[in-house]
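*Asks:* See start-v1.txt below, with compact mmCIF, C-alpha atoms.
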```txt
# COMPACT_ATOMS: atom_id res chain seq x y z
CA MET A 1030 -37.41 -38.16 133.19
CA ASN A 1031 -33.73 -39.09 133.37
CA THR A 1032 -30.98 -36.63 134.30
CA SER A 1033 -30.01 -35.82 130.72
CA GLU A 1034 -33.61 -35.01 129.83
CA PHE A 1035 -33.96 -32.92 133.00
CA ILE A 1036 -30.85 -30.85 132.19
CA ALA A 1037 -31.92 -30.33 128.58
CA LYS A 1038 -35.45 -29.30 129.53
CA ILE A 1039 -34.51 -26.97 132.40
CA ALA A 1040 -31.70 -25.42 130.29
CA ALA A 1041 -34.10 -24.66 127.44
CA TYR A 1042 -36.46 -22.82 129.78
CA VAL A 1043 -33.60 -20.92 131.45
CA GLN A 1044 -32.36 -19.83 128.02
CA LYS A 1045 -35.89 -18.78 127.06
CA TYR A 1046 -36.65 -16.66 130.14
CA ALA A 1047 -33.30 -15.30 131.40
CA PRO A 1048 -32.95 -12.63 128.68
CA GLN A 1049 -36.49 -11.38 129.33
CA TYR A 1050 -35.42 -10.53 132.89
CA GLY A 1051 -32.01 -9.03 132.07
CA ILE A 1052 -30.12 -12.11 133.28
CA LEU A 1053 -27.13 -12.80 131.04
CA VAL A 1054 -25.75 -16.03 132.55
CA HIS A 1055 -27.43 -19.41 132.31
CA SER A 1056 -25.08 -21.96 133.81
CA PRO A 1057 -25.40 -20.95 137.48
CA ILE A 1058 -29.18 -21.09 137.20
CA ILE A 1059 -29.06 -24.53 135.58
CA ALA A 1060 -26.67 -25.63 138.35
CA GLN A 1061 -29.09 -24.22 140.95
CA ALA A 1062 -31.92 -26.29 139.50
CA ILE A 1063 -29.79 -29.45 139.38
CA LEU A 1064 -28.64 -29.15 142.98
CA GLU A 1065 -31.70 -27.58 144.61
CA SER A 1066 -34.02 -30.21 143.11
CA GLY A 1067 -31.77 -33.25 143.24
CA ARG A 1068 -31.85 -33.43 139.42
CA GLY A 1069 -35.63 -32.98 139.46
CA THR A 1070 -36.28 -35.75 142.00
CA SER A 1071 -36.74 -33.84 145.27
CA GLU A 1072 -40.09 -33.65 147.04
CA LEU A 1073 -40.55 -30.02 145.99
CA ALA A 1074 -39.65 -30.78 142.37
CA THR A 1075 -41.95 -33.79 142.03
CA ASN A 1076 -44.91 -32.49 144.05
CA ALA A 1077 -44.75 -28.74 143.37
CA ASN A 1078 -42.63 -28.24 140.21
CA ASN A 1079 -40.41 -26.08 142.40
CA TYR A 1080 -36.85 -26.71 141.18
CA PHE A 1081 -35.20 -23.79 142.95
CA GLY A 1082 -36.45 -24.10 146.53
CA LEU A 1083 -38.55 -20.95 146.21
CA LYS A 1084 -40.27 -20.05 149.45
CA TYR A 1085 -43.77 -18.66 149.13
CA ARG A 1086 -44.18 -14.88 149.33
CA LYS A 1087 -47.60 -13.50 148.43
CA GLY A 1088 -47.53 -11.86 144.98
CA ARG A 1089 -43.86 -12.65 144.38
CA CYS A 1090 -44.33 -15.34 141.72
CA PRO A 1091 -47.36 -14.78 139.47
CA THR A 1092 -46.92 -18.24 137.94
CA SER A 1093 -47.26 -19.89 141.37
CA THR A 1094 -50.61 -21.60 141.85
CA GLY A 1095 -50.51 -22.18 145.58
CA VAL A 1096 -48.56 -23.05 148.69
CA TYR A 1097 -46.81 -26.33 149.51
CA VAL A 1098 -46.08 -26.85 153.20
CA LYS A 1099 -43.15 -28.99 154.33
CA GLN A 1100 -40.24 -29.11 156.74
CA GLY A 1101 -37.20 -27.14 155.65
CA SER A 1102 -33.90 -26.06 157.11
CA GLU A 1103 -31.59 -23.08 156.91
CA GLN A 1104 -27.94 -22.80 157.83
CA ASN A 1105 -27.02 -20.32 160.54
CA PRO A 1106 -23.88 -18.14 160.30
CA ASP A 1107 -22.15 -20.44 162.84
CA GLY A 1108 -22.70 -23.45 160.55
CA SER A 1109 -25.51 -25.03 162.57
CA TYR A 1110 -28.91 -25.73 161.04
CA ALA A 1111 -32.40 -24.67 162.10
CA SER A 1112 -35.42 -26.62 160.88
CA SER A 1113 -39.01 -25.49 160.74
CA VAL A 1114 -42.20 -25.94 158.76
CA MET A 1115 -42.01 -23.64 155.74
CA GLN A 1116 -44.24 -22.55 152.88
CA TRP A 1117 -43.02 -23.12 149.31
CA CYS A 1118 -44.35 -22.09 145.91
CA ILE A 1119 -46.31 -24.58 143.83
CA PHE A 1120 -46.09 -24.31 140.04
CA PRO A 1121 -48.27 -26.09 137.47
CA ASP A 1122 -45.30 -27.34 135.42
CA MET A 1123 -41.55 -27.01 134.93
CA GLU A 1124 -41.79 -24.01 132.60
CA ALA A 1125 -43.87 -22.07 135.15
CA GLY A 1126 -41.37 -23.08 137.84
CA VAL A 1127 -38.46 -21.65 135.85
CA GLN A 1128 -40.40 -18.49 135.05
CA GLY A 1129 -41.26 -18.33 138.75
CA TYR A 1130 -37.54 -18.30 139.58
CA PHE A 1131 -37.04 -15.23 137.41
CA ASP A 1132 -40.20 -13.58 138.79
CA PHE A 1133 -38.92 -14.28 142.31
CA ILE A 1134 -35.64 -12.46 141.73
CA ASN A 1135 -37.19 -9.78 139.52
CA ASN A 1136 -39.91 -8.85 142.01
CA SER A 1137 -37.49 -7.92 144.78
CA SER A 1138 -35.08 -5.00 144.52
CA ARG A 1139 -32.52 -6.93 146.59
CA TYR A 1140 -31.69 -8.92 143.44
CA ASP A 1141 -31.36 -5.95 141.05
CA ASN A 1142 -27.57 -6.40 141.12
CA LEU A 1143 -27.92 -9.71 139.20
CA LYS A 1144 -29.04 -8.00 136.01
CA GLY A 1145 -26.22 -7.65 133.52
CA VAL A 1146 -23.80 -9.95 135.39
CA THR A 1147 -21.77 -11.96 132.88
CA ASP A 1148 -19.66 -14.12 135.20
CA PRO A 1149 -21.33 -17.25 136.65
CA GLU A 1150 -19.33 -17.20 139.88
CA THR A 1151 -20.12 -13.52 140.47
CA TYR A 1152 -23.82 -14.27 139.91
CA LEU A 1153 -23.75 -17.01 142.56
CA LYS A 1154 -21.80 -14.88 145.05
CA LEU A 1155 -24.24 -11.99 144.63
CA ILE A 1156 -27.38 -14.10 144.91
CA ARG A 1157 -25.97 -15.72 148.08
CA GLU A 1158 -25.06 -12.31 149.56
CA ASP A 1159 -28.52 -11.00 148.62
CA GLY A 1160 -30.10 -13.62 150.89
CA TYR A 1161 -31.36 -16.16 148.35
CA ALA A 1162 -29.65 -19.02 150.19
CA THR A 1163 -28.30 -19.56 153.68
CA SER A 1164 -25.76 -22.28 152.86
CA LEU A 1165 -22.27 -21.13 153.77
CA LYS A 1166 -20.87 -23.10 150.80
CA TYR A 1167 -23.55 -22.11 148.31
CA VAL A 1168 -21.13 -20.84 145.65
CA GLU A 1169 -18.67 -23.73 146.06
CA ASN A 1170 -21.50 -26.26 145.79
CA HIS A 1171 -22.78 -24.84 142.51
CA LEU A 1172 -19.77 -24.00 140.35
CA VAL A 1173 -16.06 -24.49 140.24
CA GLU A 1174 -13.99 -21.38 139.73
CA LYS A 1175 -14.12 -19.86 136.28
CA LYS A 1176 -10.86 -19.76 134.40
CA PRO A 1177 -9.89 -18.36 131.00
CA PRO A 1178 -11.52 -20.04 127.99
CA LEU A 1179 -11.00 -23.78 128.01
CA SER A 1180 -10.58 -26.30 125.29
CA HIS A 1181 -13.69 -28.42 124.79
CA LYS A 1182 -11.96 -31.40 126.44
CA LYS A 1183 -11.05 -29.38 129.54
CA ALA A 1184 -14.55 -27.86 129.70
CA ARG A 1185 -16.06 -31.35 129.62
CA ARG A 1186 -13.71 -32.47 132.41
CA ARG A 1187 -14.71 -29.45 134.53
CA CYS A 1188 -18.38 -30.11 133.78
CA TYR A 1189 -17.89 -33.64 135.05
CA LYS A 1190 -16.69 -32.23 138.37
CA ILE A 1191 -19.75 -29.97 138.63
CA LEU A 1192 -22.12 -32.79 137.78
CA LYS A 1193 -20.38 -35.12 140.19
CA ARG A 1194 -21.33 -32.71 142.99
CA ALA A 1195 -24.98 -33.00 141.94
CA MET A 1196 -25.07 -36.75 141.30
CA VAL A 1197 -22.92 -39.76 141.96
CA TYR A 1198 -21.82 -40.77 138.44
CA PRO A 1199 -22.76 -38.50 135.55
CA THR A 1200 -22.83 -40.14 132.14
CA ALA A 1201 -20.77 -38.89 129.22
CA THR A 1202 -23.99 -37.57 127.64
CA GLU A 1203 -24.85 -35.54 130.76
CA VAL A 1204 -21.34 -34.09 130.91
CA GLU A 1205 -21.48 -33.19 127.21
CA LEU A 1206 -24.92 -31.63 127.59
CA LEU A 1207 -23.98 -29.44 130.54
CA SER A 1208 -20.66 -28.45 128.98
CA ASN A 1209 -22.66 -26.62 126.33
CA PHE A 1210 -24.02 -24.30 129.03
CA VAL A 1211 -21.55 -24.09 131.90
CA PHE A 1212 -18.67 -22.46 130.08
CA CYS A 1213 -20.47 -20.57 127.33
CA ASP A 1214 -21.88 -17.71 129.37
CA ASP A 1215 -19.53 -15.00 128.15
```
Translate the structure described by the file into C-alpha cells.

*Replies:*
Amino acid sequence: MNTSEFIAKIAAYVQKYAPQYGILVHSPIIAQAILESGRGTSELATNANNYFGLKYRKGRCPTSTGVYVKQGSEQNPDGSYASSVMQWCIFPDMEAGVQGYFDFINNSSRYDNLKGVTDPETYLKLIREDGYATSLKYVENHLVEKKPPLSHKKARRRCYKILKRAMVYPTATEVELLSNFVFCDD
C-alpha cells in the first residue's frame, strides 16, 4: 500500500471510530498513525497491525489478538533514551488496530480528558501529559501550531510541512488528502 492509500484507509477508520469514543478530533490521530508507523511500514505496523505503538496491557484492547515482543525505547526526562524488550499489541488488521487505539485510551481513566477536545494541538499535549508517549517533542513532531481558519492553499502548504516530517517528499496527492483532515477538526 502506498502512502496515499495508507492515509486514506487509516483516516476512514479514525473517522468511523472516533465519535463512538467521544473523540472529536481526527487529524492528530491520523498524524500519530503516520509517524508512529512510518506511514504503515514499521515492524509493528507490518507484523502486528499496530499503527500507534500500543504496548500490551492485559484486557486493555479487546481487539488485540496477542502479544508481539520486540526491542523498544523510551525517552527519559533528561533527553536520554532507555531501550528494553517490550510487549506490544497484535491486531488482526488495520481496522482492529485503529479500534484498539480508541479502546486503549478509553479503557484507562487517565485519558478521560481527551473526550470532547476540539483542538488538535490540545489533544496532543494532553495525550503526551497523560503518559501516552515519552518523547519530549511529541507534540511538535505531530502537528504544527493551529492558527485561525486558513485558505485551502495555505492549509495545503501547512499539510505539506506536516507530511514532510513523516516522509521525505510527500506527493501533491498526499498533501491534498491530508489537508482534508488536518485543518477540518473544528

*Asks:* Just how far from atom CA of A:Lys1166 is atom CA of A:Met1030, in Å to one decimal?

*Replies:*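 Atom CA of A:Lys1166 lies 28.5 Å from atom CA of A:Met1030.
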
*Asks:* Around all the atoms of stretch 1133-1144 of chain A listed in the file, with 5 Å of room on each side, what axis-aligned box do you get, giving centre and edge lengths in Å to one decimal, as lines of an AutoDock Vina configuration file?

*Replies:*
```
center_x = -33.7
center_y = -9.6
center_z = 141.3
size_x = 22.3
size_y = 19.3
size_z = 20.6
```

*Asks:* Compile the contact shell of stretch 1142-1147 of chain A as a list in words: residues with an atom at most 10 Å away, counting all atoms listed in the file, same-chain residues fewer than 5 positions apart removed.

*Replies:*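 Near stretch 1142-1147 of chain A, the qualifying residues are Ala1047, Pro1048, Tyr1050, Gly1051, Ile1052, Leu1053, Val1054, His1055, Ile1134, Asn1135, Tyr1152, Leu1153, Lys1154, Leu1155, Ile1156, Asp1159, Asp1214 and Asp1215 of chain A.
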
*Asks:* What's the 7 Å shell around A:Cys1118, counting all atoms listed in the file, without same-chain residues fewer than 4 positions away, as a ChimeraX atom specification?

*Replies:* /A:1079,1083-1085,1093,1095-1097

*Asks:* Could you check how far atom CA of A:Tyr1042 sits from atom CA of A:Glu1065, in Å to one decimal?

*Replies:*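 Going from atom CA of A:Tyr1042 over to atom CA of A:Glu1065 covers 16.3 Å.
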
*Asks:* What is the distance, in Å and to one decimal place, between atom CA of A:Trp1117 and atom CA of A:Thr1163?

*Replies:*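 These atoms are spaced 15.8 Å apart.
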
*Asks:* Can you tell me which residues surround A:Gly1101 at a distance of at most 9 Å, considering all atoms listed in the file, apart from same-chain residues fewer than 4 positions away, and format the answer as a ChimeraX atom specification?

*Replies:* /A:1111-1116

*Asks:* Quick one: residues within 10 Å of A:Gly1088, all atoms listed in the file counted, chain neighbours fewer than 4 positions away excluded, as number ranges by chain?

*Replies:* A: 1092-1093, 1132-1133, 1136

*Asks:* Ranking A:Lys1087, A:Gln1104, A:Ser1109, A:Gly1126 by minimum distance to A:Gly1160 and counting only C-alpha atoms, which one comes first?

*Replies:*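 Looking only at the distances to A:Gly1160, the closest residue turns out to be A:Gln1104.
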